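Participant: Input run.txt, format and content: compact mmCIF, C-alpha atoms.
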```
# COMPACT_ATOMS: atom_id res chain seq x y z
CA MET A 273 60.14 36.49 123.67
CA GLN A 274 62.44 38.62 125.80
CA PHE A 275 62.24 42.28 126.81
CA PHE A 276 64.67 45.13 127.51
CA GLN A 277 64.50 48.84 128.27
CA SER A 278 65.60 51.42 125.73
CA GLY A 279 65.48 54.52 127.87
CA SER A 280 61.90 54.58 129.12
CA VAL A 281 60.54 52.33 126.36
CA ARG A 282 60.02 48.58 126.85
CA LEU A 283 60.93 46.63 123.73
CA ALA A 284 60.57 42.97 122.77
CA PHE A 285 63.11 40.80 120.97
CA ILE A 286 64.12 37.23 120.19
CA ASP A 287 67.64 35.80 120.39
CA SER A 288 68.11 32.68 118.26
CA PRO A 289 71.43 30.81 118.50
CA ALA A 290 73.53 29.76 115.53
CA GLU A 291 73.69 26.15 114.43
CA GLY A 292 77.26 24.91 114.64
CA ASP A 293 80.19 27.28 114.95
CA GLU A 294 79.00 30.86 115.27
CA GLN A 295 80.03 33.14 112.40
CA GLY A 296 78.77 36.31 114.02
CA VAL A 297 75.62 38.07 115.16
CA VAL A 298 72.98 39.52 112.83
CA VAL A 299 70.46 41.99 114.22
CA LEU A 300 67.23 42.19 112.19
CA VAL A 301 65.11 45.36 112.08
CA HIS A 302 61.65 44.98 110.55
CA GLY A 303 59.56 47.33 108.46
CA PHE A 304 56.53 49.51 109.13
CA ALA A 305 53.37 47.75 110.39
CA SER A 306 55.26 44.47 110.63
CA ASN A 307 57.01 42.75 113.52
CA HIS A 308 59.94 40.39 114.01
CA ALA A 309 57.83 37.30 113.33
CA VAL A 310 56.12 38.47 110.16
CA ASN A 311 59.21 40.09 108.65
CA TRP A 312 61.90 37.60 109.66
CA VAL A 313 60.56 34.34 111.12
CA ASN A 314 57.71 33.62 108.73
CA THR A 315 59.93 34.43 105.73
CA GLN A 316 62.52 31.88 106.97
CA TRP A 317 65.25 34.50 107.43
CA VAL A 318 65.98 33.44 111.01
CA LYS A 319 66.24 29.78 110.03
CA VAL A 320 68.45 30.49 107.01
CA LEU A 321 70.84 32.69 109.00
CA ASN A 322 70.97 30.27 111.93
CA ARG A 323 71.81 27.38 109.61
CA ALA A 324 74.57 29.48 108.05
CA GLY A 325 76.14 29.88 111.47
CA TYR A 326 74.77 33.24 112.58
CA ARG A 327 73.21 34.08 115.90
CA VAL A 328 70.10 36.12 115.10
CA VAL A 329 68.63 38.87 117.26
CA ALA A 330 65.38 40.42 116.02
CA LEU A 331 63.44 43.15 117.82
CA ASP A 332 59.92 44.51 117.59
CA ASN A 333 60.36 48.22 116.91
CA ARG A 334 58.71 50.67 119.27
CA GLY A 335 54.99 50.85 118.48
CA HIS A 336 55.04 47.41 116.85
CA GLY A 337 54.54 43.78 117.80
CA GLN A 338 54.91 43.14 121.52
CA SER A 339 56.91 46.30 122.16
CA GLU A 340 55.49 49.32 123.95
CA LYS A 341 53.02 51.43 121.97
CA LEU A 342 53.64 55.17 121.82
CA TYR A 343 51.22 57.75 120.44
CA ASP A 344 53.34 60.90 120.12
CA PRO A 345 54.90 61.19 116.63
CA ALA A 346 57.99 62.76 118.23
CA ALA A 347 58.72 59.41 119.91
CA TYR A 348 59.41 57.80 116.52
CA HIS A 349 62.30 59.90 115.27
CA ALA A 350 64.69 57.72 113.26
CA LYS A 351 67.60 58.60 115.57
CA ASP A 352 65.61 57.35 118.57
CA MET A 353 64.69 54.13 116.79
CA ALA A 354 68.35 53.69 115.82
CA GLN A 355 69.26 54.21 119.47
CA ASP A 356 66.90 51.34 120.34
CA VAL A 357 69.11 49.04 118.26
CA VAL A 358 72.24 50.31 120.02
CA HIS A 359 70.61 49.84 123.41
CA LEU A 360 69.76 46.25 122.44
CA LEU A 361 73.41 45.63 121.58
CA ASP A 362 74.35 47.13 124.95
CA TYR A 363 71.81 44.96 126.77
CA LEU A 364 73.21 41.81 125.16
CA GLY A 365 76.83 42.87 125.69
CA LEU A 366 77.54 42.92 121.95
CA PRO A 367 80.19 45.42 120.89
CA GLN A 368 79.32 44.99 117.22
CA ALA A 369 76.94 43.15 114.87
CA ASP A 370 75.83 42.94 111.28
CA ILE A 371 72.57 44.90 111.12
CA MET A 372 69.94 44.16 108.51
CA GLY A 373 66.80 46.22 108.06
CA TYR A 374 63.91 46.15 105.64
CA SER A 375 62.04 49.26 104.46
CA MET A 376 61.59 51.42 107.59
CA GLY A 377 64.03 49.03 109.24
CA ALA A 378 66.59 49.85 106.56
CA ARG A 379 66.12 53.56 107.30
CA ILE A 380 66.80 52.81 110.97
CA THR A 381 69.81 50.69 110.04
CA ALA A 382 71.27 53.49 107.93
CA HIS A 383 70.98 55.86 110.88
CA VAL A 384 72.78 53.34 113.10
CA ALA A 385 75.55 53.00 110.48
CA LEU A 386 75.96 56.79 110.25
CA TYR A 387 75.78 57.73 113.91
CA HIS A 388 77.13 54.56 115.59
CA PRO A 389 79.56 53.09 113.04
CA ALA A 390 81.73 51.33 115.62
CA ARG A 391 78.74 49.09 116.50
CA VAL A 392 78.08 48.05 112.89
CA ARG A 393 80.12 45.29 111.26
CA SER A 394 78.05 45.73 108.12
CA ALA A 395 74.72 47.31 107.17
CA LEU A 396 72.25 45.49 104.94
CA LEU A 397 69.54 47.76 103.56
CA GLY A 398 66.58 45.88 102.08
CA GLY A 399 63.55 47.49 100.45
CA LEU A 400 65.04 51.00 100.52
CA GLY A 401 66.92 52.75 97.74
CA ILE A 402 67.33 56.41 96.92
CA HIS A 403 64.25 57.26 99.01
CA LEU A 404 66.62 57.11 101.96
CA VAL A 405 67.87 60.44 100.60
CA GLU A 406 65.20 61.74 98.23
CA GLY A 407 61.69 61.65 99.65
CA VAL A 408 60.55 60.13 102.90
CA GLY A 409 59.45 56.64 101.97
CA LEU A 410 55.81 55.85 102.62
CA PRO A 411 53.30 58.63 101.85
CA LEU A 412 51.93 60.55 104.80
CA GLY A 413 48.48 59.41 103.68
CA ILE A 414 49.29 56.02 105.20
CA ALA A 415 48.73 57.63 108.61
CA ASP A 416 45.26 58.72 107.48
CA ALA A 417 44.61 55.16 106.33
CA MET A 418 45.45 53.88 109.80
CA GLU A 419 42.93 56.28 111.32
CA ALA A 420 40.12 55.57 108.83
CA PRO A 421 37.01 53.91 110.31
CA SER A 422 37.61 50.87 108.09
CA VAL A 423 39.43 49.77 104.95
CA ASP A 424 36.16 49.91 102.99
CA GLY A 425 36.32 53.68 102.51
CA LEU A 426 39.91 53.69 101.23
CA THR A 427 40.36 53.99 97.46
CA ASP A 428 44.11 54.59 97.18
CA PRO A 429 45.80 51.20 96.54
CA MET A 430 48.80 51.86 98.79
CA GLN A 431 46.60 53.08 101.63
CA ARG A 432 44.45 49.97 101.32
CA MET A 433 47.50 47.69 101.14
CA PHE A 434 49.07 49.00 104.34
CA ARG A 435 45.78 49.17 106.24
CA VAL A 436 45.01 45.55 105.35
CA PHE A 437 48.56 44.52 106.27
CA ALA A 438 48.35 46.35 109.60
CA GLU A 439 45.11 44.59 110.44
CA GLN A 440 46.56 41.22 109.42
CA THR A 441 49.51 41.73 111.76
CA GLY A 442 47.23 42.76 114.62
CA SER A 443 48.92 46.14 114.87
CA ASP A 444 47.90 49.11 117.00
CA LEU A 445 46.62 51.45 114.27
CA LYS A 446 46.91 54.60 116.38
CA ALA A 447 50.55 53.84 117.19
CA LEU A 448 51.29 53.20 113.52
CA ALA A 449 49.77 56.54 112.52
CA ALA A 450 52.08 58.27 115.00
CA CYS A 451 55.04 56.25 113.68
CA ILE A 452 54.44 57.30 110.06
CA ARG A 453 54.19 60.94 111.09
CA GLY A 454 57.30 60.85 113.27
CA SER A 455 59.81 58.63 111.46
CA ARG A 456 60.18 60.47 108.17
CA GLN A 457 63.79 61.59 108.47
CA VAL A 458 66.05 61.29 105.42
CA LEU A 459 69.81 61.38 105.15
CA SER A 460 71.38 64.06 103.00
CA ALA A 461 73.56 62.93 100.10
CA GLN A 462 76.54 64.13 102.12
CA GLU A 463 75.49 62.07 105.15
CA ALA A 464 75.01 58.96 103.01
CA GLY A 465 78.52 59.53 101.70
CA GLN A 466 79.83 59.50 105.27
CA ILE A 467 78.74 55.89 105.86
CA ARG A 468 81.96 53.89 105.92
CA VAL A 469 80.84 50.41 106.99
CA PRO A 470 80.33 47.66 104.37
CA VAL A 471 76.85 48.11 102.86
CA LEU A 472 74.57 45.89 100.77
CA ILE A 473 71.45 47.48 99.23
CA SER A 474 68.79 45.03 98.00
CA VAL A 475 65.58 46.21 96.30
CA GLY A 476 62.96 44.46 94.18
CA THR A 477 62.90 45.50 90.55
CA ASN A 478 59.10 45.95 90.77
CA ASP A 479 59.20 47.91 94.05
CA PRO A 480 57.43 51.31 93.78
CA VAL A 481 58.08 52.18 97.44
CA ALA A 482 61.85 51.94 97.91
CA GLY A 483 63.25 54.08 95.11
CA ASP A 484 66.09 53.07 92.78
CA PRO A 485 68.91 51.39 94.77
CA HIS A 486 71.66 52.25 92.30
CA PRO A 487 71.84 56.02 92.94
CA LEU A 488 72.01 55.29 96.67
CA GLY A 489 74.75 52.77 96.06
CA ALA A 490 76.69 55.43 94.17
CA LEU A 491 76.50 57.75 97.19
CA ILE A 492 77.76 55.26 99.79
CA PRO A 493 81.46 54.44 99.34
CA GLY A 494 81.99 50.79 98.43
CA ALA A 495 78.30 49.86 98.65
CA GLN A 496 77.10 46.79 96.77
CA VAL A 497 73.68 46.77 95.09
CA PHE A 498 71.56 43.68 94.44
CA ASP A 499 68.46 43.78 92.25
CA ILE A 500 65.79 41.33 93.45
CA GLU A 501 64.39 40.44 90.04
CA GLY A 502 60.64 40.56 89.48
CA ARG A 503 59.73 41.26 93.10
CA ASP A 504 57.65 44.07 94.59
CA HIS A 505 58.05 45.62 98.03
CA ASN A 506 56.31 42.78 99.85
CA LEU A 507 57.58 39.76 97.94
CA ALA A 508 61.21 40.93 97.85
CA VAL A 509 61.60 40.35 101.59
CA GLY A 510 61.76 36.57 101.61
CA ASP A 511 62.93 36.00 98.04
CA ARG A 512 65.45 33.16 97.71
CA SER A 513 67.87 35.21 95.63
CA HIS A 514 67.74 37.93 98.29
CA LYS A 515 68.80 35.42 100.95
CA GLU A 516 71.58 34.07 98.73
CA ALA A 517 72.90 37.59 98.09
CA VAL A 518 72.91 38.39 101.81
CA LEU A 519 74.73 35.18 102.73
CA ALA A 520 77.32 35.82 100.01
CA PHE A 521 77.81 39.38 101.24
CA LEU A 522 78.22 38.29 104.85
CA SER A 523 80.70 35.64 103.78
CA GLN A 524 82.74 38.18 101.81
CA ARG A 525 82.95 40.62 104.68
CA ASN A 526 84.21 37.93 107.07
```
Here is a file; write its structure as structure tokens.
Facilitator:
Amino acid sequence: MQFFQSGSVRLAFIDSPAEGDEQGVVVLVHGFASNHAVNWVNTQWVKVLNRAGYRVVALDNRGHGQSEKLYDPAAYHAKDMAQDVVHLLDYLGLPQADIMGYSMGARITAHVALYHPARVRSALLGGLGIHLVEGVGLPLGIADAMEAPSVDGLTDPMQRMFRVFAEQTGSDLKALAACIRGSRQVLSAQEAGQIRVPVLISVGTNDPVAGDPHPLGALIPGAQVFDIEGRDHNLAVGDRSHKEAVLAFLSQRN
């Protein structure tokens, strides 16, 4: 594990070299209550990308994993979390990279693509469809679930799911509550239409969290949409067809 400074915030990341001739650099941005290992290493994404010739950089978002924990919701604005990705590119001396995010990480990736397009070779948005524009992703009640005395008193299935997941990943529950409250920024339809980098949107067909990917694909010029058949929000991440679609997309944009 390595560390860098994004402004005043200390963030953790891994940097895994490509096998064979390098085809480019992919930066991976994980979802809420996860971390680089759970989202990308355990699901074999790092291994698959490395074997395909990509150097992989994966960070722990602020408030997550081994990165610094912050407790003010204002510290988790999507633009600030997007800036963390840009600062990581700066730290590594990378002028540009393919950036792939899942769920909250896809929201961050979209903000990087909109506000820092010169740094983005392509943007891969997993687990996030039209909720990038309509709605704010995870319900605000998830923050309440993080602050509940225990999971036993939670009756809402989504609240229970994320609280259990947060405990399984050893997360700082107070930091996660602040993150949910602070990182709820959407893009307008007009802003989505201003994204000009190559985009792949991949969402499970049984995902109740992400929103339909096809309306989002219609807003972003030239975007490709991939339906991850039969997968929900959690299982879509490491699905084999998802990996195959991403590798095909990266190959096409070369």
Participant: What is the atom CA of Leu472 of chain A-atom CA of Ala395 of chain A distance in Å, reported with one decimal?
Facilitator: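 Distance reported for this atom pair: 6.6 Å.
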Participant: Kindly indicate which residue among A:Ala378, A:Met430, A:Leu448, A:Ile500 lies nearest to Met418 of chain A, using only C-alpha atoms for the distances.
Facilitator: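 Among A:Ala378, A:Met430, A:Leu448, A:Ile500, it is A:Leu448 that comes nearest to Met418 of chain A.
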Participant: Which of these, A:Ile414, A:Met273, A:Ala290, A:Val358, has the shortest distance to Arg453 of chain A once you count all atoms listed in the file?
Facilitator: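 Between A:Ile414, A:Met273, A:Ala290, A:Val358, the residue approaching Arg453 of chain A most closely is A:Ile414.
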Participant: Name the closest residue to Leu459 of chain A among the candidates A:Val471, A:Val405, A:Ala385, A:Leu360; distances are taken between atoms, counting only C-alpha atoms.
Facilitator: A:Val405
Participant: For the point (64.9, 49.0, 120.3) in file coordinates, what residues are within 10 Å, counting all atoms listed in the file? Give the answer as a PDB file with C-alpha atoms, keeping the file's coordinate frame?
Facilitator:
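Dumped to selection_20.pdb:
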```pdb
ATOM      1  CA  PHE A 275      62.240  42.280 126.810  1.00  0.00           C
ATOM      2  CA  PHE A 276      64.670  45.130 127.510  1.00  0.00           C
ATOM      3  CA  GLN A 277      64.500  48.840 128.270  1.00  0.00           C
ATOM      4  CA  SER A 278      65.600  51.420 125.730  1.00  0.00           C
ATOM      5  CA  GLY A 279      65.480  54.520 127.870  1.00  0.00           C
ATOM      6  CA  VAL A 281      60.540  52.330 126.360  1.00  0.00           C
ATOM      7  CA  ARG A 282      60.020  48.580 126.850  1.00  0.00           C
ATOM      8  CA  LEU A 283      60.930  46.630 123.730  1.00  0.00           C
ATOM      9  CA  ALA A 284      60.570  42.970 122.770  1.00  0.00           C
ATOM     10  CA  PHE A 285      63.110  40.800 120.970  1.00  0.00           C
ATOM     11  CA  VAL A 301      65.110  45.360 112.080  1.00  0.00           C
ATOM     12  CA  ALA A 330      65.380  40.420 116.020  1.00  0.00           C
ATOM     13  CA  LEU A 331      63.440  43.150 117.820  1.00  0.00           C
ATOM     14  CA  ASP A 332      59.920  44.510 117.590  1.00  0.00           C
ATOM     15  CA  ASN A 333      60.360  48.220 116.910  1.00  0.00           C
ATOM     16  CA  ARG A 334      58.710  50.670 119.270  1.00  0.00           C
ATOM     17  CA  SER A 339      56.910  46.300 122.160  1.00  0.00           C
ATOM     18  CA  ASP A 352      65.610  57.350 118.570  1.00  0.00           C
ATOM     19  CA  MET A 353      64.690  54.130 116.790  1.00  0.00           C
ATOM     20  CA  ALA A 354      68.350  53.690 115.820  1.00  0.00           C
ATOM     21  CA  GLN A 355      69.260  54.210 119.470  1.00  0.00           C
ATOM     22  CA  ASP A 356      66.900  51.340 120.340  1.00  0.00           C
ATOM     23  CA  VAL A 357      69.110  49.040 118.260  1.00  0.00           C
ATOM     24  CA  VAL A 358      72.240  50.310 120.020  1.00  0.00           C
ATOM     25  CA  HIS A 359      70.610  49.840 123.410  1.00  0.00           C
ATOM     26  CA  LEU A 360      69.760  46.250 122.440  1.00  0.00           C
ATOM     27  CA  LEU A 361      73.410  45.630 121.580  1.00  0.00           C
TER      28      LEU A 361
END
```
Participant: Give me the residues near Ala390 of chain A as a ChimeraX atom specification, where near means some atom within 7 Å (using only C-alpha atoms) and where sequence neighbours in that chain fewer than 2 positions away do not count.
Facilitator: /A:368,388,392
Participant: Which residue is closest to Gln440 of chain A? Choose from A:Gly373, A:Pro487, A:Val423, A:Leu400 and count all atoms listed in the file.
Facilitator: A:Val423
Participant: Give one line per residue of segment 405-442 of chain A that approaches segment 476-482 of chain A to at most 12 Å, naming the two atoms of the closest pair and their distance in Å to one decimal, counting all atoms listed in the file; sort by chain then ascending residue number and deliver it as CSV.
Facilitator:
```
residue,atom,partner,partner_atom,distance
A:Val405,CA,A:Ala482,CA,10.8
A:Glu406,CA,A:Ala482,CA,10.4
A:Gly407,CA,A:Ala482,CA,9.9
A:Val408,CA,A:Ala482,CA,9.7
A:Gly409,CA,A:Val481,CA,6.5
A:Leu410,CA,A:Val481,CA,6.7
A:Pro411,CA,A:Val481,CA,9.2
A:Pro429,CA,A:Pro480,CA,12.0
A:Met430,CA,A:Val481,CA,9.4
A:Phe434,CA,A:Val481,CA,11.8
```
Participant: Which residue gives the smallest distance to Ala417 of chain A among A:Thr315, A:Gly325, A:Ala449, A:Ile402, with all atoms listed in the file counted?
Facilitator: A:Ala449
Participant: Give me the residues within 9 Å of Val298 of chain A as a list of chain:residue names, counting all atoms listed in the file and dropping any in the same chain fewer than 5 places off.
Facilitator: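 Close residues of Val298 of chain A: A:Leu321, A:Tyr326, A:Arg327, A:Val328, A:Val329, A:Ala330, A:Ala369, A:Asp370, A:Ile371, A:Met372.
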Participant: Report the distance between atom CA of Asp416 of chain A and atom CA of Ala447 of chain A in Å, rounded to one decimal place.
Facilitator: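 Pair atom CA of Asp416 of chain A / atom CA of Ala447 of chain A returns 12.1 Å.
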Participant: Between A:Gln466, A:Arg503, A:Gln457, A:Lys446, which has the minimum distance to Asp344 of chain A (counting only C-alpha atoms)?
Facilitator: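 Nearest candidate to Asp344 of chain A out of A:Gln466, A:Arg503, A:Gln457, A:Lys446: A:Lys446.
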Participant: Ser422 of chain A: which residues within 12 Å, counting all atoms listed in the file, same-chain residues fewer than 4 positions away excluded, as a PyMOL selection string?
Facilitator: chain A and resi 416-418+426-427+431-432+435-436+438-439+445
Participant: Quick one: residues within 8 Å of Pro493 of chain A, only C-alpha atoms counted, chain neighbours fewer than 6 positions away excluded, as a count of residues only?
Facilitator: 4
Participant: What's the separation between atom CA of Tyr343 of chain A and atom CA of Met433 of chain A, in Å to one decimal place?
Facilitator: 22.1 Å
Participant: Just want the 10 Å neighbourhood of Gln496 of chain A, counted on only C-alpha atoms, with same-chain residues fewer than 2 positions away dropped. Output as a list in words.
Facilitator: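 Residues meeting the cut-off are Leu396, Pro470, Val471, Leu472, Ile473, Ser474, Pro485, His486, Leu488, Gly489, Ala490, Ile492, Pro493, Gly494, Phe498 and Phe521 of chain A.
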